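Participant: I'm passing along coords14.txt; it holds compact mmCIF, C-alpha atoms.
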# COMPACT_ATOMS: atom_id res chain seq x y z
CA MET Z 1 -10.38 12.21 13.33
CA GLU Z 2 -8.48 14.21 15.93
CA ASP Z 3 -5.33 12.33 17.00
CA LYS Z 4 -6.32 9.11 15.21
CA ARG Z 5 -3.29 7.49 13.59
CA ILE Z 6 -3.72 6.42 9.98
CA LEU Z 7 -1.01 4.81 7.91
CA TYR Z 8 -1.49 5.20 4.16
CA VAL Z 9 0.35 2.61 2.08
CA SER Z 10 0.20 3.48 -1.61
CA SER Z 11 1.55 2.30 -4.95
CA GLU Z 12 1.83 5.88 -6.20
CA VAL Z 13 1.51 9.33 -4.63
CA VAL Z 14 1.35 12.85 -6.08
CA PRO Z 15 3.59 14.95 -6.27
CA TYR Z 16 6.27 12.24 -6.53
CA LEU Z 17 4.72 10.50 -9.55
CA PRO Z 18 2.38 11.69 -12.33
CA GLU Z 19 -1.30 12.27 -11.60
CA ASN Z 20 -3.65 9.31 -11.98
CA GLU Z 21 -6.55 7.90 -10.02
CA VAL Z 22 -4.38 6.16 -7.42
CA SER Z 23 -1.70 8.82 -6.99
CA LEU Z 24 -4.26 11.63 -6.56
CA MET Z 25 -6.37 9.75 -4.00
CA SER Z 26 -3.18 8.73 -2.19
CA TYR Z 27 -2.55 12.45 -1.66
CA ASP Z 28 -6.10 13.81 -1.26
CA VAL Z 29 -7.33 11.40 1.43
CA PRO Z 30 -4.30 11.72 3.76
CA LYS Z 31 -4.33 15.52 3.34
CA MET Z 32 -8.01 15.61 4.30
CA ILE Z 33 -7.41 13.54 7.46
CA ASN Z 34 -4.31 15.61 8.27
CA ASP Z 35 -6.41 18.78 7.99
CA GLN Z 36 -8.86 17.26 10.49
CA GLY Z 37 -6.13 16.80 13.07
CA GLY Z 38 -5.42 13.14 12.39
CA GLN Z 39 -1.85 11.85 12.65
CA ILE Z 40 -0.79 10.34 9.37
CA ARG Z 41 2.16 8.72 7.65
CA ILE Z 42 2.39 7.82 3.96
CA PHE Z 43 4.54 4.99 2.59
CA MET Z 44 5.29 4.34 -1.08
CA PRO Z 45 8.04 2.59 -3.08
CA ARG Z 46 11.04 4.70 -4.11
CA TYR Z 47 10.86 3.97 -7.83
CA GLY Z 48 13.81 5.11 -9.95
CA ASN Z 49 11.64 7.72 -11.66
CA VAL Z 50 11.03 9.58 -8.38
CA ASN Z 51 13.28 12.65 -8.56
CA GLU Z 52 15.22 12.55 -5.29
CA ARG Z 53 16.88 15.93 -5.68
CA ARG Z 54 13.75 17.84 -6.65
CA HIS Z 55 11.70 16.30 -3.84
CA GLN Z 56 14.55 16.41 -1.30
CA LEU Z 57 14.51 12.75 -0.32
CA HIS Z 58 17.11 11.73 2.21
CA GLU Z 59 18.02 8.37 3.68
CA VAL Z 60 17.09 7.67 7.30
CA ILE Z 61 20.13 5.75 8.47
CA ARG Z 62 18.57 4.58 11.76
CA LEU Z 63 15.73 2.91 9.83
CA SER Z 64 17.80 1.49 6.98
CA GLY Z 65 20.21 -1.42 7.02
CA MET Z 66 17.82 -4.29 7.67
CA ASN Z 67 17.63 -7.28 5.34
CA LEU Z 68 14.26 -8.67 4.28
CA VAL Z 69 13.91 -12.18 2.90
CA VAL Z 70 11.91 -12.53 -0.32
CA ASN Z 71 11.63 -16.04 -1.73
CA ASP Z 72 14.69 -17.18 0.27
CA VAL Z 73 16.89 -14.27 -0.88
CA ASP Z 74 18.16 -11.54 1.47
CA MET Z 75 17.28 -8.07 0.18
CA PRO Z 76 18.66 -4.91 1.87
CA LEU Z 77 16.02 -2.38 2.95
CA ILE Z 78 16.75 1.32 2.47
CA ILE Z 79 14.37 3.93 3.93
CA LYS Z 80 14.18 7.46 2.59
CA VAL Z 81 11.91 10.27 3.71
CA ALA Z 82 10.58 13.54 2.34
CA SER Z 83 7.93 16.09 3.25
CA ILE Z 84 5.12 17.20 0.97
CA PRO Z 85 5.67 20.96 0.63
CA LYS Z 86 3.28 23.19 2.60
CA GLU Z 87 1.39 20.21 4.06
CA ARG Z 88 3.76 19.09 6.82
CA ILE Z 89 3.08 15.50 5.74
CA GLN Z 90 5.94 13.00 5.92
CA VAL Z 91 6.30 10.43 3.18
CA TYR Z 92 8.48 7.36 3.72
CA PHE Z 93 9.99 5.61 0.71
CA ILE Z 94 10.78 1.89 0.66
CA ASP Z 95 13.89 1.37 -1.47
CA ASN Z 96 16.09 -1.45 -2.68
CA ASP Z 97 18.55 -1.28 -5.60
CA GLU Z 98 17.48 -4.61 -7.08
CA TYR Z 99 13.74 -3.85 -7.06
CA PHE Z 100 13.34 -0.10 -7.37
CA LYS Z 101 16.36 1.46 -9.08
CA ARG Z 102 15.00 1.14 -12.67
CA LYS Z 103 13.58 4.38 -14.07
CA ALA Z 104 9.97 3.22 -14.27
CA THR Z 105 7.16 2.11 -11.99
CA PHE Z 106 5.56 -1.15 -13.16
CA THR Z 107 6.46 -1.74 -16.82
CA ASP Z 108 9.39 -1.46 -19.23
CA GLU Z 109 9.48 0.90 -22.23
CA GLU Z 110 7.38 -1.56 -24.23
CA GLY Z 111 4.65 -1.54 -21.58
CA VAL Z 112 5.52 -5.08 -20.45
CA LEU Z 113 5.11 -5.73 -16.71
CA PHE Z 114 8.39 -6.22 -14.86
CA PRO Z 115 8.78 -9.96 -14.17
CA ASP Z 116 9.59 -9.34 -10.50
CA ASN Z 117 6.57 -7.12 -9.71
CA ASP Z 118 5.27 -9.84 -7.38
CA GLU Z 119 8.50 -9.83 -5.37
CA ARG Z 120 8.54 -6.03 -5.33
CA ALA Z 121 5.04 -6.07 -3.80
CA ILE Z 122 6.11 -8.60 -1.13
CA PHE Z 123 9.24 -6.58 -0.32
CA PHE Z 124 7.21 -3.37 -0.12
CA ALA Z 125 4.67 -4.90 2.30
CA LYS Z 126 7.34 -6.29 4.61
CA GLY Z 127 9.40 -3.10 4.37
CA VAL Z 128 6.47 -0.94 5.45
CA VAL Z 129 5.62 -3.09 8.48
CA GLU Z 130 9.22 -3.45 9.63
CA THR Z 131 9.76 0.31 9.36
CA VAL Z 132 6.57 1.11 11.29
CA LYS Z 133 7.77 -1.29 14.00
CA LYS Z 134 11.10 0.54 14.18
CA LEU Z 135 9.26 3.86 14.42
CA ASN Z 136 7.17 2.32 17.22
CA TRP Z 137 4.20 4.16 15.73
CA VAL Z 138 0.98 2.21 16.22
CA PRO Z 139 -1.65 2.97 13.54
CA ASP Z 140 -5.38 2.77 14.33
CA ILE Z 141 -6.00 2.16 10.63
CA ILE Z 142 -3.80 1.06 7.74
CA HIS Z 143 -5.33 2.18 4.44
CA VAL Z 144 -3.95 0.44 1.33
CA GLN Z 145 -4.24 2.12 -2.09
CA GLY Z 146 -3.00 0.61 -5.35
CA TRP Z 147 -2.14 -3.00 -6.24
CA MET Z 148 1.58 -2.71 -5.41
CA ALA Z 149 0.47 -2.26 -1.78
CA SER Z 150 -2.03 -5.13 -1.86
CA MET Z 151 0.17 -7.73 -0.16
CA LEU Z 152 0.17 -5.73 3.05
CA PRO Z 153 -3.24 -6.92 4.37
CA ILE Z 154 -2.20 -10.54 3.71
CA TYR Z 155 1.09 -10.18 5.58
CA MET Z 156 -0.55 -8.30 8.45
CA LYS Z 157 -3.15 -11.04 8.99
CA HIS Z 158 -0.66 -13.93 8.79
CA TYR Z 159 3.06 -13.10 8.92
CA TYR Z 160 2.63 -10.37 11.57
CA LYS Z 161 -0.51 -11.72 13.25
CA ASN Z 162 1.22 -12.27 16.61
CA ASP Z 163 2.81 -8.82 16.68
CA ALA Z 164 1.31 -7.09 19.72
CA LEU Z 165 2.01 -3.66 18.22
CA PHE Z 166 -0.78 -4.17 15.67
CA ALA Z 167 -3.27 -6.04 17.86
CA ASP Z 168 -5.97 -3.38 17.42
CA THR Z 169 -5.02 -2.05 13.98
CA LYS Z 170 -7.73 -2.21 11.30
CA ILE Z 171 -7.01 -2.53 7.58
CA VAL Z 172 -8.90 -0.83 4.74
CA THR Z 173 -8.33 -1.55 1.04
CA SER Z 174 -9.30 0.85 -1.76
CA VAL Z 175 -10.36 -0.65 -5.08
CA PHE Z 176 -9.49 1.21 -8.29
CA ASN Z 177 -9.79 0.51 -12.01
CA PRO Z 178 -7.67 -2.39 -13.27
CA ALA Z 179 -4.06 -1.19 -13.45
CA PHE Z 180 -2.68 -3.93 -15.68
CA ASP Z 181 -3.68 -6.70 -18.06
CA GLY Z 182 -2.41 -10.25 -17.84
CA THR Z 183 -0.83 -11.63 -14.67
CA LEU Z 184 2.12 -11.17 -12.39
CA ASP Z 185 4.60 -14.05 -12.06
CA MET Z 186 2.75 -17.37 -11.86
CA GLY Z 187 4.98 -18.44 -8.98
CA MET Z 188 3.67 -15.60 -6.81
CA SER Z 189 1.56 -17.82 -4.55
CA LYS Z 190 4.56 -20.05 -3.79
CA LYS Z 191 6.68 -17.01 -2.86
CA VAL Z 192 4.01 -15.82 -0.42
CA GLN Z 193 3.63 -19.35 0.97
CA PHE Z 194 7.41 -19.36 1.58
CA ASP Z 195 6.64 -16.91 4.42
CA GLY Z 196 4.40 -19.43 6.15
CA ILE Z 197 1.16 -18.07 4.73
CA PRO Z 198 -1.24 -20.98 4.08
CA HIS Z 199 -2.20 -21.68 0.48
CA GLU Z 200 -5.86 -21.87 1.48
CA ALA Z 201 -5.75 -18.18 2.44
CA ILE Z 202 -4.30 -16.96 -0.87
CA LYS Z 203 -5.70 -19.30 -3.51
CA GLU Z 204 -6.52 -16.27 -5.70
CA LEU Z 205 -2.77 -15.72 -6.16
CA ASP Z 206 -2.45 -19.01 -8.09
CA ASN Z 207 -3.53 -16.86 -11.06
CA PRO Z 208 -2.33 -13.37 -10.08
CA THR Z 209 -4.47 -11.15 -12.30
CA PHE Z 210 -5.29 -7.63 -11.10
CA GLU Z 211 -8.75 -8.73 -9.96
CA ASN Z 212 -7.50 -11.82 -8.14
CA ILE Z 213 -4.81 -9.83 -6.33
CA MET Z 214 -7.45 -7.35 -5.19
CA MET Z 215 -9.70 -10.20 -4.03
CA ALA Z 216 -6.88 -11.63 -1.92
CA SER Z 217 -6.29 -8.17 -0.43
CA ILE Z 218 -10.00 -7.63 0.30
CA ASN Z 219 -10.23 -11.07 1.98
CA HIS Z 220 -7.64 -9.91 4.53
CA SER Z 221 -9.05 -6.41 5.09
CA ASP Z 222 -11.53 -5.07 7.65
CA GLY Z 223 -13.20 -2.68 5.21
CA VAL Z 224 -13.33 -1.76 1.52
CA VAL Z 225 -13.47 1.58 -0.27
CA ILE Z 226 -14.64 1.83 -3.89
CA ALA Z 227 -12.34 4.57 -5.15
CA THR Z 228 -13.38 4.57 -8.79
CA GLU Z 229 -16.68 5.12 -10.59
CA GLU Z 230 -16.71 1.79 -12.37
CA VAL Z 231 -15.67 -1.47 -10.76
CA SER Z 232 -16.01 -4.71 -12.74
CA ALA Z 233 -19.10 -6.83 -12.12
CA THR Z 234 -16.91 -9.67 -10.82
CA LEU Z 235 -15.19 -7.51 -8.21
CA THR Z 236 -18.46 -5.80 -7.25
CA LYS Z 237 -20.11 -9.16 -6.63
CA PHE Z 238 -17.07 -10.37 -4.66
CA ILE Z 239 -17.03 -7.26 -2.45
CA GLU Z 240 -20.76 -7.52 -1.75
CA ALA Z 241 -20.46 -11.22 -0.91
CA SER Z 242 -17.59 -10.49 1.48
CA LYS Z 243 -20.00 -8.57 3.76
CA LYS Z 244 -17.12 -6.26 4.75
CA PRO Z 245 -17.91 -2.67 5.75
CA LEU Z 246 -18.07 -0.79 2.46
CA LEU Z 247 -17.72 2.84 1.42
CA PRO Z 248 -19.26 3.19 -2.08
CA PHE Z 249 -17.71 5.55 -4.60
CA THR Z 250 -17.95 9.17 -3.43
CA PRO Z 251 -17.06 12.19 -5.59
CA LYS Z 252 -14.26 14.38 -4.25
CA ASP Z 253 -16.55 17.26 -3.27
CA ALA Z 254 -18.33 14.98 -0.80
CA PHE Z 255 -15.64 12.58 0.28
CA ALA Z 256 -14.36 14.33 3.45
CA ASP Z 257 -17.48 13.50 5.48
CA ALA Z 258 -17.88 10.10 3.80
CA TYR Z 259 -14.35 8.91 4.63
CA THR Z 260 -14.44 10.32 8.15
CA ASN Z 261 -17.76 8.64 8.95
CA PHE Z 262 -16.58 5.38 7.40
CA TYR Z 263 -13.37 5.34 9.43
CA LYS Z 264 -15.07 6.37 12.69
CA ASN Z 265 -18.30 4.43 12.58
CA GLN Z 266 -17.68 1.37 10.43
CA ILE Z 267 -13.99 0.63 10.90
CA LEU Z 268 -13.15 1.90 14.39
CA GLY Z 269 -16.75 1.90 15.71
Could you quickly redo this structure as structure tokens?
Facilitator:
Amino acid sequence: MEDKRILYVSSEVVPYLPENEVSLMSYDVPKMINDQGGQIRIFMPRYGNVNERRHQLHEVIRLSGMNLVVNDVDMPLIIKVASIPKERIQVYFIDNDEYFKRKATFTDEEGVLFPDNDERAIFFAKGVVETVKKLNWVPDIIHVQGWMASMLPIYMKHYYKNDALFADTKIVTSVFNPAFDGTLDMGMSKKVQFDGIPHEAIKELDNPTFENIMMASINHSDGVVIATEEVSATLTKFIEASKKPLLPFTPKDAFADAYTNFYKNQILG
């Protein structure tokens, strides 16, 4: 993967958030590609429970200051950056006081999903793309991990489809275990349609369950990675029917070669 540029867009990343399936893979896979000489960037939301002092986050003034529109409301975009110790890997944080200041990731203290999680996902997707444009850094592959990042493939294929910077960029989505029960806000589809994305392309978002959100993401991706041992029968069937290039679940001790071959031969090939 020498000199290939891969942008990792993740809901959660170790060491900034506790270890789980998504946060560990969002660290392990980029590190592996970095070790192979690939050029990587990682983006994640700057949730309020990310310790800025401990992890030495600092705002990048030249990248901040833009306003993004979410459902007809202007939301200021703040960009922070940090480096993963010893790895020389830069992590960019998408921040906004309204969406990400609260001291939790996806749910309140009672375990109830935040009512604006759908808007946070839209803001995160737009924030990542706008920041990459400002960096003028053209990724060969964008690899999405975790449902909070799942709007990115949709926005890339519609909202940013005429952006010459990304003309040759391929998108890969990783599928994990369901991260939440129930649904996000039932108006989610309308908010995405507000950005000129046709309803026909995102019908799954009419009922934004975890599975339906992942289906919408997969529909707009160029390849799929199964990143967990057990995927539901519904999602498995959907992925198979999509006929997208697929990397089946691979244990960590074998995943370096598997990911590299998948990227090189099935996605970029």
Participant: Would you tabulate, counting all atoms listed in the file, all residues of range 91-124 of chain Z that have an atom at most 8 Å from an atom of range 56-79 of chain Z, showing the closest pair of atoms and their distance in Å to one decimal, sorted by chain then ascending number, as JSON lines?
Facilitator:
{"residue": "Z:Tyr92", "atom": "CA", "partner": "Z:Ile79", "partner_atom": "CA", "distance": 6.8}
{"residue": "Z:Phe93", "atom": "CA", "partner": "Z:Ile79", "partner_atom": "CA", "distance": 5.7}
{"residue": "Z:Ile94", "atom": "CA", "partner": "Z:Ile79", "partner_atom": "CA", "distance": 5.3}
{"residue": "Z:Asp95", "atom": "CA", "partner": "Z:Ile78", "partner_atom": "CA", "distance": 4.9}
{"residue": "Z:Asn96", "atom": "CA", "partner": "Z:Leu77", "partner_atom": "CA", "distance": 5.7}
{"residue": "Z:Glu119", "atom": "CA", "partner": "Z:Val70", "partner_atom": "CA", "distance": 6.7}
{"residue": "Z:Ile122", "atom": "CA", "partner": "Z:Val70", "partner_atom": "CA", "distance": 7.1}
{"residue": "Z:Phe123", "atom": "CA", "partner": "Z:Val70", "partner_atom": "CA", "distance": 6.5}
Participant: Applying 8 Å and only C-alpha atoms, which residues near Gly146 in chain Z remain after dropping the ones on its own chain fewer than 6 positions away? List them as a list in words.
Facilitator: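 What passes the distance filter is Ser10, Ser11, Glu12, Val22, Ser174, Val175 and Phe176 of chain Z.
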Participant: Report, as AutoDock Vina command-line options, the centre and edge lengths in Å (one decimal) of the axis-aligned box enclosing every listed atom of range 220-232 of chain Z, padded by 4 Å on each side.
Facilitator:
--center_x -12.2 --center_y -2.4 --center_z -2.5 --size_x 17.1 --size_y 23.0 --size_z 28.4
Participant: One decimal, in Å: what's the spacing between CA of Pro208 in chain Z and CA of Leu7 in chain Z?
Facilitator: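 Going from CA of Pro208 in chain Z over to CA of Leu7 in chain Z, I get 25.6 Å.
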Participant: Pick the closest to Asn136 in chain Z from Z:Glu87, Z:Glu240, Z:Glu110, Z:Asp163: which is it, counting all atoms listed in the file?
Facilitator: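 Checking each candidate against Asn136 in chain Z, we get Z:Asp163 as the closest.
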Participant: Give me the residues near Ser26 in chain Z as an MDAnalysis selection string, where near means some atom within 12 Å (using all atoms listed in the file) and where sequence neighbours in that chain fewer than 6 positions away do not count.
Facilitator: chainID Z and resid 7:20 32:33 40:44 91 143:146 149 173:174 176 227
